[in-house]
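First comes the structure, then the notes that go with it.
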Amino acid sequence: MADRRNGAQSPEEQVRALYEEAESNTAKAFEAMVNKPSFGRLLALSAENTAAMTRMGFDAVDLLWRNLRLAGRADIVRLSRQLHRTEDKLERVLQEVESLRDEIARERDPEGARS
Amino acid sequence: MSVADPFVGAVDRAMQFPVNALEFTNILLTTDDALIGATPKDVVWTHRGTTLYRYQSANRRYRVPVLLVFALINRPEIFDLRPGSSLVEYLVEEGFDVFLVDWGYPDEEDSEMGLDEYVCDDLAWAVRETLRASGSDELSLMGWCIGATLCAMYCGLEGERPPVRNLALLTMPIDGRRSTYANWLGDESFDVEATSRLWGSVPGAAIDFANKMMKPVTNYWTTYRRLWEGVQGGTARRDAYQTMAKWVADNPPFAGRAWSQWIELMYRDAGLPRGTVRLRDRSVDLGRIDQSVLVISASADHIAPRPGTMPFFDLIASEDVEHFDRPGGHIGLIAGSAARKELWPSMAEWLAERSDG
């Protein structure tokens with residue numbers, strides 16, 4: 001009891017402090033490990049392989065779908081891209097229309113446009 | 001202290017264990033129900049997956065609106081995490097007319113979206129729509145992480161000077177060659193373009209995994225251990241944990257072409273400090289930035305370490321430059337519980353002085 005009053009740690013607190021120190025050291029060791037280029041190489045190879053396998057999986061399922069005369073992912077992506085192109089053009093036209101409208105408004109009411 | 005006390009304590013903890021375990025699992029399992037991005041907003045403009053939102057202030061005091069731009073990874077709700085801990089809410093209360101660009105969830109059909117599309121189209125158009133909606137001639141751009149780099153690139157684009165009066169850049173990477181990412185991605189043997197082509201858009205889960213692997217023990221263990229201790233001690237803040245955990249887990253894919261361009265310019269080339277970046281045949285020269293600039297860096301930022309931001313100051317032409325360098329991490333500094341008292345007032349004050357109040 002006297003020890004506790006003098007600021008000494010209880011066994012439970014000592015265990016906790018030891019644990020936190022161990023966790024902190026482990027965290028630092030892991031951070032040092034992942035910071036190495038060799039770990040980066042491992043990660044990069046895993047990313048390349050995962051990407052390739054994902055693509056192969058998608059392509060295989062797509063082939064099956066298309067042979068069943070159903071729209072596959074590739075068809076939907078193609079269609080979405082076409083929609084995007086149309087939306088891009090529409091956006092540019094809309095901006096032209098808006099700027100022309102603003103220009104006309106300024107010509108009609110120069111005072112209002114300045115305020 | 002009697003001899004029986006330790007035993008009483010142990011029995012008490014044993015009795016409490018199932019209750020704590022249930023609460024701990026309940027917090028984890030109901031994280032998806034947490035409400036984030038709750039401040040009322042209106043959709044001003046949409047293009048492809050991009051949406052521009054407006055958070056109207058009931059007591060608008062500043063003529064110059066603020067446009068918030070977040071990174072291409074994770075979601076912009078971090079600007080509006082939860083009531084009482086939302087930068088958007090704070091700025092609106094301060095009297096700013098706040099807008100936010102949401103890049104959406106790019107998918108395979110967006111794989112050809114590059115940084116040029118983000119900067120020259122979507123960001124430029126969001127600026128245009130912000131000005132039209134707010135009735136102002138100029139705005140303040142506030143970017144965070146990759147969003148800050150996109151804002152800087154937009155202001156450094158060759159051609160007509162952008163209608164940006166103030167540029168606030170939060171934890172912004174400019175030269176990432178000394179970061180952990182560079183150790184991972186800097187090796188030329190990693191064919192970034194082929195990988196992005198195979199993937200179309202890089203899955204959010206892969207980006208999230210890479211980000212978490214930078215501090216694996218902290219992200220995969222310590223976070224949960226601290227939550228458990230909080231539950232045991234009765235100090236766990238369910239709303240704070242769940243909103244942040246929900247935000248962290250929401251990972252949109254990274255458009256493939258933009259991803260490979262980003263790696264090239266940030267971790268291999270250092271194209272921005274060297275002035276070699278070109279978007280749509282327009283050079284990006286940060287020396288063209290002459291706006292009032294606020295840069296915020298975090299001392300413990302492992303995603304965009306401070307040394308990677310510092311070259312920015314030598315490149316820009318602005319005369320009005322302020323740098324807040326504060327203790328904290330990449331996200332915690334600006335979205336953490338202390339930010340409302342410590343950082344946001346300084347940010348709002350900086351903006352207010354330059355926003356025609």
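Labels for the structure tokens follow display order: chains A, B, ..., residues from 1 in each chain, ligands from 1.
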* Pick out the chain B residues within 10 Å of chain A. Count only C-alpha atoms. Give them as number ranges by chain. => B: 1, 46-49, 107-112, 121, 125, 128-129, 132, 179-187, 189-192, 194-200, 202-203, 206, 210, 213-219, 221-222
* Residue neighbourhood region 243-260 of chain B, 10 Å, only C-alpha atoms, exclusion window fewer than 5 positions, as number ranges by chain -> B: 28, 30-37, 72-78, 81-82, 103-118, 191-208, 212, 223, 238, 265-266, 332, 335-336
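Straight-line separation from CA of Cys120 (chain B) to CA of Glu160 (chain B): 12.1 Å.
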* So how far away is CA of Ile316 (chain B) from CA of Ile289 (chain B), in Å? ->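 If I compute the distance from CA of Ile289 (chain B) to CA of Ile316 (chain B), I get 5.4 Å.
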* Please, which residues of region 119-321 of chain B, numbered as in this document, come out alpha helix (DSSP H) from DSSP, as a PyMOL selection string? -> chain B and resi 124-134+146-155+180-185+192-199+204-213+216-217+223-233+238-249+256-263+271-274+311-315
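Checking B:Ser355, B:Glu264, B:Leu123, B:Pro173 one by one against Asp97 (chain B), counting only C-alpha atoms, you find the shortest gap at B:Ser355.
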* If you measure from CA of Asp102 (chain A) to CA of Thr130 (chain B), what distance in Å do you get, rounded to one decimal? ->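 Spanning CA of Asp102 (chain A) to CA of Thr130 (chain B) is a straight-line distance of 15.4 Å.
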* **Which of region 258-300 of chain B DSSP labels strand (DSSP E or B), written as a ChimeraX atom specification** => /B:278-279,282-284,292-298
* Asked: For Ile303 (chain B), which residue out of B:Leu52, B:Ala270, B:Leu351, B:Cys145 is the nearest one, using only C-alpha atoms?
  -> B:Cys145
